[in-house]
Every structure is written in structure tokens, then in C-alpha cells.
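Q: Please find data-v7.txt (compact mmCIF, C-alpha atoms) on the next line:
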```
# COMPACT_ATOMS: atom_id res chain seq x y z
CA MET A 8 121.90 100.35 118.22
CA ASN A 9 119.30 97.63 117.92
CA TYR A 10 116.09 99.63 118.04
CA ILE A 11 113.81 96.62 118.42
CA ALA A 12 115.73 95.53 121.52
CA LEU A 13 115.56 99.11 122.76
CA ALA A 14 111.79 99.18 122.28
CA LEU A 15 111.47 95.87 124.18
CA CYS A 16 113.57 97.15 127.10
CA MET A 17 111.57 100.38 127.17
CA MET A 18 108.43 98.26 127.22
CA ALA A 19 109.76 96.22 130.14
CA VAL A 20 110.37 99.28 132.32
CA THR A 21 107.18 101.07 131.24
CA TYR A 22 104.91 98.09 131.75
CA GLY A 23 106.82 97.12 134.89
CA VAL A 24 106.00 100.46 136.49
CA ARG A 25 102.36 100.28 135.40
CA LEU A 26 102.03 96.66 136.55
CA LEU A 27 103.22 97.03 140.12
CA PRO A 28 100.10 98.67 141.61
CA SER A 29 97.98 95.62 140.64
CA PHE A 30 99.97 93.48 143.05
CA ILE A 31 100.25 95.80 146.02
CA THR A 32 96.86 97.52 146.23
CA ASP A 33 95.19 94.35 147.52
CA LYS A 34 97.90 93.46 150.01
CA ILE A 35 98.24 96.71 151.88
CA LYS A 36 95.55 97.90 154.25
CA ILE A 37 95.68 101.67 154.29
CA SER A 38 94.63 104.17 156.89
CA ARG A 39 91.93 106.79 156.44
CA LYS A 40 94.52 109.51 156.03
CA ALA A 41 96.35 107.54 153.36
CA GLU A 42 93.06 106.96 151.60
CA LYS A 43 92.31 110.66 151.66
CA PHE A 44 95.77 111.28 150.24
CA LEU A 45 95.19 108.84 147.39
CA ASN A 46 91.77 110.35 146.71
CA LEU A 47 93.40 113.74 146.28
CA ILE A 48 96.09 112.53 143.88
CA PRO A 49 93.83 112.66 140.79
CA PHE A 50 93.20 116.35 141.34
CA THR A 51 96.75 117.37 142.12
CA ALA A 52 98.13 115.16 139.34
CA LEU A 53 95.79 116.71 136.78
CA GLY A 54 96.75 120.17 138.01
CA ALA A 55 100.42 119.32 137.54
CA LEU A 56 99.84 117.71 134.14
CA ILE A 57 98.07 120.86 132.90
CA PHE A 58 100.24 123.62 134.27
CA PRO A 59 102.75 124.92 133.23
CA GLY A 60 102.88 122.43 130.31
CA VAL A 61 99.91 124.08 128.63
CA LEU A 62 101.94 127.27 128.18
CA SER A 63 104.33 125.46 125.85
CA VAL A 64 101.75 124.53 123.21
CA ASP A 65 103.54 127.14 121.14
CA ALA A 66 107.21 127.25 122.06
CA SER A 67 107.60 131.00 121.54
CA ARG A 68 104.17 132.36 122.52
CA TRP A 69 103.02 131.24 125.98
CA TYR A 70 99.67 133.02 125.63
CA VAL A 71 98.53 130.70 122.82
CA GLY A 72 98.22 127.77 125.23
CA ALA A 73 96.88 130.06 127.96
CA ILE A 74 94.03 131.25 125.75
CA GLY A 75 93.24 127.69 124.68
CA ALA A 76 93.16 126.72 128.37
CA VAL A 77 90.86 129.61 129.27
CA VAL A 78 88.44 128.53 126.53
CA ALA A 79 88.51 124.98 127.88
CA ILE A 80 87.96 126.18 131.47
CA ALA A 81 85.07 128.44 130.47
CA LEU A 82 83.31 125.69 128.52
CA SER A 83 83.91 123.11 131.27
CA CYS A 84 82.10 125.37 133.71
CA ILE A 85 78.92 124.93 131.71
CA LYS A 86 76.90 122.03 133.09
CA ARG A 87 76.81 118.90 130.96
CA MET A 88 79.09 120.27 128.31
CA PRO A 89 80.36 117.26 126.36
CA THR A 90 84.12 116.77 126.71
CA ALA A 91 84.56 116.49 122.95
CA VAL A 92 82.94 119.90 122.37
CA THR A 93 85.30 121.50 124.88
CA VAL A 94 88.32 119.88 123.26
CA ILE A 95 87.30 120.78 119.70
CA ALA A 96 86.42 124.38 120.59
CA SER A 97 89.75 124.80 122.36
CA VAL A 98 91.62 123.39 119.34
CA LEU A 99 89.75 125.68 116.93
CA VAL A 100 90.48 128.81 118.99
CA THR A 101 94.15 127.80 119.29
CA MET A 102 94.29 127.24 115.53
CA LEU A 103 93.48 130.94 114.94
CA PHE A 104 96.99 131.71 116.21
CA PHE A 105 98.65 129.41 113.71
CA ILE A 106 96.93 130.66 110.55
CA MET B 8 75.63 97.68 133.29
CA THR B 9 76.49 94.84 130.95
CA ARG B 10 80.07 94.25 129.89
CA ARG B 11 79.27 95.39 126.38
CA LYS B 12 77.83 98.69 127.65
CA GLN B 13 80.84 99.26 129.93
CA PHE B 14 83.18 98.57 127.02
CA LEU B 15 81.33 100.96 124.71
CA LEU B 16 81.20 103.64 127.42
CA GLY B 17 84.96 103.36 127.86
CA MET B 18 85.43 103.76 124.12
CA LYS B 19 83.05 106.72 123.96
CA ARG B 20 84.75 108.61 126.76
CA SER B 21 88.15 108.08 125.16
CA ILE B 22 87.20 109.72 121.87
CA PRO B 23 88.62 113.12 122.92
CA VAL B 24 91.96 111.41 123.61
CA MET B 25 92.20 110.57 119.91
CA PHE B 26 92.42 114.26 119.03
CA GLY B 27 95.58 114.42 121.09
CA PHE B 28 97.09 111.01 120.42
CA ILE B 29 96.87 110.90 116.64
CA PRO B 30 98.82 114.12 115.95
CA VAL B 31 101.38 113.37 118.68
CA SER B 32 101.97 109.84 117.37
CA ILE B 33 102.28 111.17 113.82
CA ALA B 34 104.88 113.64 115.10
CA PHE B 35 106.67 110.81 116.92
CA ALA B 36 106.81 108.71 113.73
CA VAL B 37 108.19 111.60 111.70
CA LEU B 38 110.88 112.33 114.31
CA ALA B 39 111.75 108.64 114.56
CA GLY B 40 112.19 108.44 110.79
CA GLU B 41 114.46 111.48 110.85
CA ALA B 42 116.51 109.92 113.67
CA GLY B 43 117.17 106.85 111.53
CA LEU B 44 114.60 104.29 112.67
CA SER B 45 113.05 102.19 109.93
CA THR B 46 109.30 102.18 109.37
CA LEU B 47 109.01 98.82 111.12
CA GLU B 48 111.13 99.89 114.09
CA THR B 49 109.09 103.07 114.47
CA ILE B 50 105.77 101.21 114.47
CA LEU B 51 107.04 98.48 116.81
CA MET B 52 108.19 101.09 119.30
CA SER B 53 104.62 102.39 119.57
CA VAL B 54 103.23 98.84 119.67
CA PHE B 55 105.57 97.78 122.49
CA VAL B 56 106.04 100.88 124.58
CA PHE B 57 102.78 102.87 124.35
CA ALA B 58 104.13 105.86 126.26
CA GLY B 59 104.17 109.11 124.31
CA ALA B 60 106.49 111.28 126.34
CA SER B 61 109.16 108.64 126.78
CA GLN B 62 109.06 107.57 123.13
CA ILE B 63 109.63 111.12 121.92
CA MET B 64 112.33 111.56 124.55
CA ALA B 65 113.98 108.32 123.40
CA ILE B 66 114.12 109.67 119.85
CA GLU B 67 115.74 112.88 121.07
CA LEU B 68 118.29 110.84 123.04
CA ILE B 69 118.99 108.64 120.01
CA SER B 70 119.62 111.78 117.94
CA LEU B 71 122.00 113.00 120.64
CA GLY B 72 123.86 109.69 120.52
CA SER B 73 122.93 108.52 124.03
CA ALA B 74 123.72 105.00 125.19
CA PHE B 75 121.18 102.17 125.20
CA PHE B 76 120.82 101.96 128.97
CA GLU B 77 120.63 105.72 129.39
CA ILE B 78 117.52 105.69 127.21
CA VAL B 79 115.95 102.77 129.08
CA PHE B 80 116.66 104.41 132.42
CA ALA B 81 115.24 107.75 131.27
CA THR B 82 112.10 105.91 130.13
CA PHE B 83 111.79 104.40 133.59
CA ILE B 84 112.09 107.83 135.24
CA VAL B 85 109.62 109.49 132.88
CA ASN B 86 107.04 106.77 133.50
CA LEU B 87 107.44 106.57 137.28
CA ARG B 88 104.37 108.77 137.70
CA HIS B 89 102.27 105.95 136.26
CA PHE B 90 102.97 104.02 139.44
CA ILE B 91 101.05 106.63 141.44
CA MET B 92 98.36 106.88 138.79
CA GLY B 93 98.06 103.10 138.53
CA THR B 94 97.68 102.86 142.30
CA CYS B 95 94.73 105.29 142.15
CA ILE B 96 93.06 103.27 139.39
CA MET B 97 93.69 99.79 140.85
CA ARG B 98 92.39 100.85 144.25
CA LYS B 99 89.02 101.39 142.59
CA MET B 100 89.15 97.94 141.01
CA LYS B 101 89.46 95.85 144.18
CA LYS B 102 86.99 93.21 143.03
CA THR B 103 88.76 92.76 139.73
CA LYS B 104 90.72 89.56 139.07
CA LEU B 105 94.49 89.84 138.88
CA HIS B 106 94.77 88.85 135.22
CA GLU B 107 92.21 91.51 134.31
CA LYS B 108 94.14 94.08 136.32
CA LEU B 109 97.31 93.12 134.50
CA ILE B 110 95.65 93.78 131.14
CA CYS B 111 94.27 97.10 132.40
CA SER B 112 97.73 98.08 133.66
CA PHE B 113 99.05 98.13 130.12
CA GLY B 114 96.76 101.04 129.34
CA VAL B 115 97.63 103.25 132.33
CA THR B 116 98.59 106.41 130.46
CA ASP B 117 98.13 109.96 131.75
CA GLU B 118 94.97 110.13 129.68
CA ALA B 119 93.48 106.83 130.89
CA PHE B 120 94.23 107.98 134.42
CA ALA B 121 92.48 111.30 133.77
CA LEU B 122 89.43 109.51 132.37
CA THR B 123 89.10 107.09 135.28
CA ALA B 124 90.50 108.95 138.28
CA THR B 125 87.47 111.12 138.95
CA MET B 126 84.98 108.35 138.24
CA PRO B 127 82.94 106.80 141.07
CA GLU B 128 84.18 103.34 142.02
CA ARG B 129 80.98 101.59 140.98
CA GLU B 130 81.42 102.70 137.37
CA LEU B 131 85.03 101.69 136.93
CA SER B 132 85.28 98.13 135.63
CA PRO B 133 87.87 96.19 133.64
CA TRP B 134 85.59 96.28 130.61
CA PHE B 135 85.43 100.06 130.79
CA MET B 136 89.24 100.08 130.83
CA TYR B 137 89.35 97.70 127.86
CA GLY B 138 87.23 100.19 125.94
CA VAL B 139 89.61 102.97 126.90
CA ILE B 140 92.62 100.87 125.88
CA VAL B 141 91.17 99.93 122.48
CA VAL B 142 90.64 103.59 121.56
CA THR B 143 93.80 105.06 123.13
CA TYR B 144 96.18 102.27 122.07
CA GLY B 145 94.48 102.05 118.66
CA SER B 146 94.88 105.76 117.99
CA TRP B 147 98.47 105.74 119.26
CA VAL B 148 99.54 102.85 117.04
CA GLY B 149 97.31 104.01 114.17
CA GLY B 150 98.76 107.53 114.27
CA THR B 151 102.28 106.08 114.27
CA VAL B 152 101.49 104.00 111.19
CA ILE B 153 100.05 107.07 109.44
CA GLY B 154 103.08 109.17 110.38
CA ALA B 155 105.53 106.48 109.30
CA PHE B 156 104.04 106.32 105.82
CA ALA B 157 102.67 109.82 105.23
CA SER B 158 104.45 112.41 107.31
CA ASN B 159 102.68 115.46 105.87
CA ILE B 160 99.15 114.23 106.29
CA LEU B 161 98.07 116.97 108.72
CA PRO B 162 98.31 120.64 107.73
CA ALA B 163 100.82 122.45 109.96
CA GLN B 164 98.18 124.81 111.38
CA LEU B 165 96.05 121.91 112.54
CA SER B 166 98.85 119.80 113.96
CA ASN B 167 100.21 122.80 115.89
CA ALA B 168 96.79 123.63 117.27
CA LEU B 169 96.16 120.01 118.26
CA GLY B 170 98.90 120.48 120.84
CA ILE B 171 96.21 121.94 123.09
CA ALA B 172 93.89 118.90 122.76
CA LEU B 173 95.15 116.77 125.65
CA TYR B 174 95.37 119.79 127.95
CA ALA B 175 91.79 120.72 127.04
CA LEU B 176 90.81 117.13 127.86
CA PHE B 177 92.51 117.26 131.26
CA ILE B 178 90.81 120.60 131.97
CA SER B 179 87.38 119.36 130.91
CA ILE B 180 87.76 116.44 133.33
CA LEU B 181 89.22 118.42 136.19
CA VAL B 182 87.02 121.53 136.19
CA PRO B 183 83.58 119.88 136.64
CA SER B 184 84.89 117.69 139.46
CA ILE B 185 86.34 120.54 141.54
CA ARG B 186 83.95 123.37 140.58
CA LYS B 187 81.91 123.33 143.78
CA ASN B 188 84.76 122.84 146.21
CA LEU B 189 86.73 126.04 146.82
CA ARG B 190 89.45 124.36 148.86
CA LEU B 191 89.95 121.75 146.17
CA ILE B 192 90.24 124.51 143.56
CA LEU B 193 92.86 126.21 145.73
CA LEU B 194 94.73 122.93 146.14
CA VAL B 195 94.84 122.41 142.37
CA ILE B 196 96.08 125.98 141.85
CA LEU B 197 98.72 125.42 144.53
CA THR B 198 99.87 122.26 142.73
CA ALA B 199 100.16 124.19 139.48
CA ILE B 200 102.24 126.86 141.23
CA VAL B 201 104.51 124.34 142.99
CA ASN B 202 104.98 122.47 139.71
CA SER B 203 105.81 125.72 137.89
CA ILE B 204 108.39 126.64 140.51
CA LEU B 205 110.02 123.20 140.28
CA VAL B 206 110.18 123.48 136.48
CA TRP B 207 111.47 127.03 136.77
CA ILE B 208 114.36 126.01 139.04
CA GLY B 209 115.35 123.48 136.41
CA LEU B 210 113.74 120.18 137.37
CA LYS B 211 112.69 117.84 134.54
CA SER B 212 108.90 117.93 134.17
CA SER B 213 108.67 114.16 134.75
CA TRP B 214 110.07 114.72 138.26
CA SER B 215 108.28 117.97 138.99
CA ILE B 216 104.89 116.38 138.24
CA ILE B 217 105.56 113.51 140.65
CA ILE B 218 106.89 115.74 143.42
CA SER B 219 104.27 118.47 143.17
CA CYS B 220 101.35 116.07 142.99
CA ILE B 221 102.53 114.09 146.03
CA VAL B 222 103.53 117.08 148.15
CA CYS B 223 100.30 118.94 147.44
CA ALA B 224 98.12 115.88 148.03
CA LEU B 225 99.86 115.46 151.41
CA PHE B 226 99.13 119.10 152.16
CA GLY B 227 95.56 118.49 151.01
CA VAL B 228 95.05 115.74 153.60
CA TRP B 229 95.26 118.51 156.18
CA PHE B 230 93.84 121.35 154.08
CA ILE B 231 90.71 119.73 152.62
CA LYS B 232 88.13 119.68 155.39
CA ASP B 233 85.41 117.18 154.58
CA PRO B 234 86.44 114.12 156.61
CA SER B 235 84.54 111.32 154.87
CA GLU B 236 84.63 112.55 151.30
CA PRO B 237 87.87 114.41 150.73
CA ALA B 238 86.79 115.22 147.21
CA SER B 239 83.41 115.48 145.57
CA ILE B 240 84.08 112.27 143.65
CA ASP B 241 80.67 110.83 144.37
CA GLY B 242 78.91 114.16 144.71
CA ASP B 243 76.60 115.99 142.33
CA ASP B 244 79.40 116.72 139.98
CA ALA B 245 80.27 113.10 139.51
CA ASP B 246 76.80 112.71 138.08
CA THR B 247 77.30 115.64 135.79
CA PHE B 248 80.49 114.25 134.38
CA PRO B 249 79.28 110.88 133.11
CA LYS B 250 76.16 112.44 131.61
CA ALA B 251 78.24 115.05 129.93
CA SER B 252 80.50 112.40 128.52
CA GLU B 253 77.69 110.28 127.26
CA GLU B 254 76.81 113.05 124.86
CA VAL B 255 80.25 112.78 123.35
CA SER B 256 79.14 110.66 120.44
CA GLN B 257 76.14 112.78 119.58
```
Render the structure in this file as C-alpha cells.
A:
Amino acid sequence: MNYIALALCMMAVTYGVRLLPSFITDKIKISRKAEKFLNLIPFTALGALIFPGVLSVDASRWYVGAIGAVVAIALSCIKRMPTAVTVIASVLVTMLFFI
Amino acid sequence: MTRRKQFLLGMKRSIPVMFGFIPVSIAFAVLAGEAGLSTLETILMSVFVFAGASQIMAIELISLGSAFFEIVFATFIVNLRHFIMGTCIMRKMKKTKLHEKLICSFGVTDEAFALTATMPERELSPWFMYGVIVVTYGSWVGGTVIGAFASNILPAQLSNALGIALYALFISILVPSIRKNLRLILLVILTAIVNSILVWIGLKSSWSIIISCIVCALFGVWFIKDPSEPASIDGDDADTFPKASEEVSQ
């Protein structure tokens, strides 16, 4: 297989999908309900991106990811906690399970 | 805000993404090498495609001996969710010129979406996105280069633990923006449950994410009460989030 050609075709479909919204979002006038729907997508999409994927951080021990997630949730509840601190703390706690 | 400030802010907020992207791209490069791709082919795949999940999937499919078009089609399916995510981002960039939007579109990853999706419209500009793209694309390609030349650069303990980094990032973006809205919290939990069920019954996660996020957002149109502001995007918490992120570099 020609892997460069493969990469180019993968690029075409990936960028194609990402490109499309630029053309249509201006053209279509959407209703209030549709707008509400689109405003909710970030929250539901993030929920779906996090769970249950986070449980597979360690393939054999689901609780490793769960504990890392709990640490991240707890720290995110603190007002003005920098994102980087949350991420680093969560990584460090998770690392305890791999030592 | 000047363009320069927007650009730098975009870069600053993307720093946590590096913790996730660098180890994943190193892992991708190592897997690609094992599957028989040359160093150049491995690096070019990251340069051209810039889509973590589908690149790693492509390597798995190559190892399994899948056909060329199967891999391209699978890439298309895995990245379909970026159409929804891109729509959310581009809707907030109405005043942006088309050619600027087209550049921004290249960088619509899950992580760029997470960084921009809960931002108030007035803050999201093409230059902010360029900052995000420089850091996310740079760390993706950079990590691939590192992995292609030095596969054992990260100790195993660290690279395993870094698997949590992108999830922690998603959480640290999501939690502050829903904290004060009980119904929104319930909606997010519902999405997680629906997504888990779909995965449990055997759906590929690329499909389950799309389906659960659309179905639950539709449900949310009815379930979330506040008529004008369905989510606290421009509320108090939106102010908390940028301030919190500005401390990232300190």
C-alpha cells in the first residue's frame, strides 16, 4: 500500500468533514429551538467524550481512570483553578497506579 | 483585544492539550513504525491528517491487512463528529471571512472544540483559533517526530498516566461551565449514561458519541428550562473560565 497516498486520502475526508460547516452556517437561518439545540451540543458532546472513555485509561483497571476523573472534577469545582493545574494533578494521581 | 493578544491567548489555553497530544502522538509514531511505515510516512501522516483517533485506527487496520478504501472510509466515519463540532464553532464566528474560517476548520479537533465551545462568542476569533492550531498541531506533529526517532523517550509510568490528560482537560472545561445549572449537570450525566449503554451494546465509540450527543441535546431543548440562555455560556461561570485559563502560564 502507498502510505503517502493513504495519508492524503485520509486528509481529504478529515478536512472535508471539518470544512463543511464553514460553508453552511452562514447560509441557513435557524430557529430558536435549533439554536438552543446547538448551544447544548458542547455540553453533551463533552459528556460523551469523557464517559465511558475515561474508564479505559488503564485497559484492565477501570478505577484508575475513574479516580483520575474524580480528582479532575474535584479540582475543577474550585473557582479559578487553572486548567493546567487540574490536568497535571490528575496525571500525577493516575501515575501512582502505574509505579 | 488585539490580534496578537487573541493569538497568544489561544496558545496559552491550549497548553494543557500538549500534555495529551505529545504522548499520544509518540505512541502513534511507535505503532506506525511497528506496522511498517517509514519514518517519513509516519510523520507525513500526522502532518496531513491531524486526527489522533483515526490515525491510530488506520495503523491498526493496516496491521490487520485492511484495504485502502476501508481505511479511508473508517477515517471518514470516525471524524464525522467534527462536522457537529465544527458547526458549533463556526456559528460563533459569523463575522469571520470565509478564507479565515477555512484555515480554522483544519484545526477542529475534539480538543479545539472543547476549548472554544464554552467560550462566549465575543472572545472567539480566528486569531484565537490560530493560536490553538499552532500549539495543538505543533505538539501533534512534534510528538510524532519524537516518537518516530526515539520511541522510548517517555518512561512507561508517565506515558500510561498521561492517558488521563485529555479527559482531565475535558472535565476542567466542562465542570465550571455547568456547575451552577442542575438541569445541565443532569443532562451531561444522562449523555454519559446513554453513551455508555450504546458502547455496551457494541456500538463503535465514534458512532455512540455522535448519537448520544445529538439525542441528548434534542432532549435538552425540552428539558433545559431557561428560554433565552439554554446554557450558562455567558453567565458568571463564563467569566470564571477565561480568568482561570489565563493563569495557565503562571
Q: Using all atoms listed in the file, determine which residues of chain A fall within 7 Å of chain B; present them as an MDAnalysis selection string.
A: chainID A and resid 10:11 13:18 20:22 24:26 28:29 32:33 40 43:59 61 64 72 75:76 79:80 83:84 86:91 93:94 97:98 101:102 105:106
Q: Using all atoms listed in the file, which residues sit within 7 Å of stretch 146-154 of chain B once same-chain residues fewer than 5 positions away are excluded, as a PDB file with C-alpha atoms, in the coordinates of the input?
A:
```
ATOM      1  CA  MET B  25      92.200 110.570 119.910  1.00  0.00           C
ATOM      2  CA  PHE B  28      97.090 111.010 120.420  1.00  0.00           C
ATOM      3  CA  ILE B  29      96.870 110.900 116.640  1.00  0.00           C
ATOM      4  CA  PRO B  30      98.820 114.120 115.950  1.00  0.00           C
ATOM      5  CA  SER B  32     101.970 109.840 117.370  1.00  0.00           C
ATOM      6  CA  ILE B  33     102.280 111.170 113.820  1.00  0.00           C
ATOM      7  CA  ALA B  34     104.880 113.640 115.100  1.00  0.00           C
ATOM      8  CA  PHE B  35     106.670 110.810 116.920  1.00  0.00           C
ATOM      9  CA  ALA B  36     106.810 108.710 113.730  1.00  0.00           C
ATOM     10  CA  VAL B  37     108.190 111.600 111.700  1.00  0.00           C
ATOM     11  CA  ILE B  50     105.770 101.210 114.470  1.00  0.00           C
ATOM     12  CA  SER B  53     104.620 102.390 119.570  1.00  0.00           C
ATOM     13  CA  VAL B  54     103.230  98.840 119.670  1.00  0.00           C
TER      14      VAL B  54
END
```
Q: Measuring between all atoms listed in the file, which one of A:Ala66, A:Ala96, A:Ala41, A:Ala19 shows the shortest distance to A:Ala81?
A: A:Ala96
Q: Please report the interatomic distance between atom CA of B:Leu68 and atom CA of B:Glu41 in Å with one decimal.
A: 12.8 Å
Q: Please determine an axis-aligned box that encloses all atoms of stretch 61-80 of chain B listed in the file, with 8 Å added on each side, and express its centre and edge lengths in Å to one decimal as JSON.
A:
```
{"center_x": 116.5, "center_y": 107.5, "center_z": 125.2, "size_x": 30.8, "size_y": 27.0, "size_z": 30.5}
```
Q: Measure the distance from atom CA of A:Ser38 to atom CA of B:Pro127 in Å and round it to one decimal.
A: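 So the answer is 19.8 Å.
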Q: Could you check how far atom CA of B:Lys187 sits from atom CA of A:Ile95, in Å to one decimal?
A: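 That distance, rounded to one decimal, is 24.8 Å.
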Q: For B:Phe135, work out the shell of residues within 6 Å, counting all atoms listed in the file and skipping chain neighbours fewer than 5 positions away, then give it as a list in words.
A: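 Everything that qualifies: Gln13, Phe14 and Gly17 of chain B.
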Q: Rank nothing, just name the residue among B:Tyr137, B:Ala39, B:Leu15, B:Lys211 nearest to B:Ala155, using all atoms listed in the file.
A: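 Comparing B:Tyr137, B:Ala39, B:Leu15, B:Lys211 against B:Ala155, the winner is B:Ala39.
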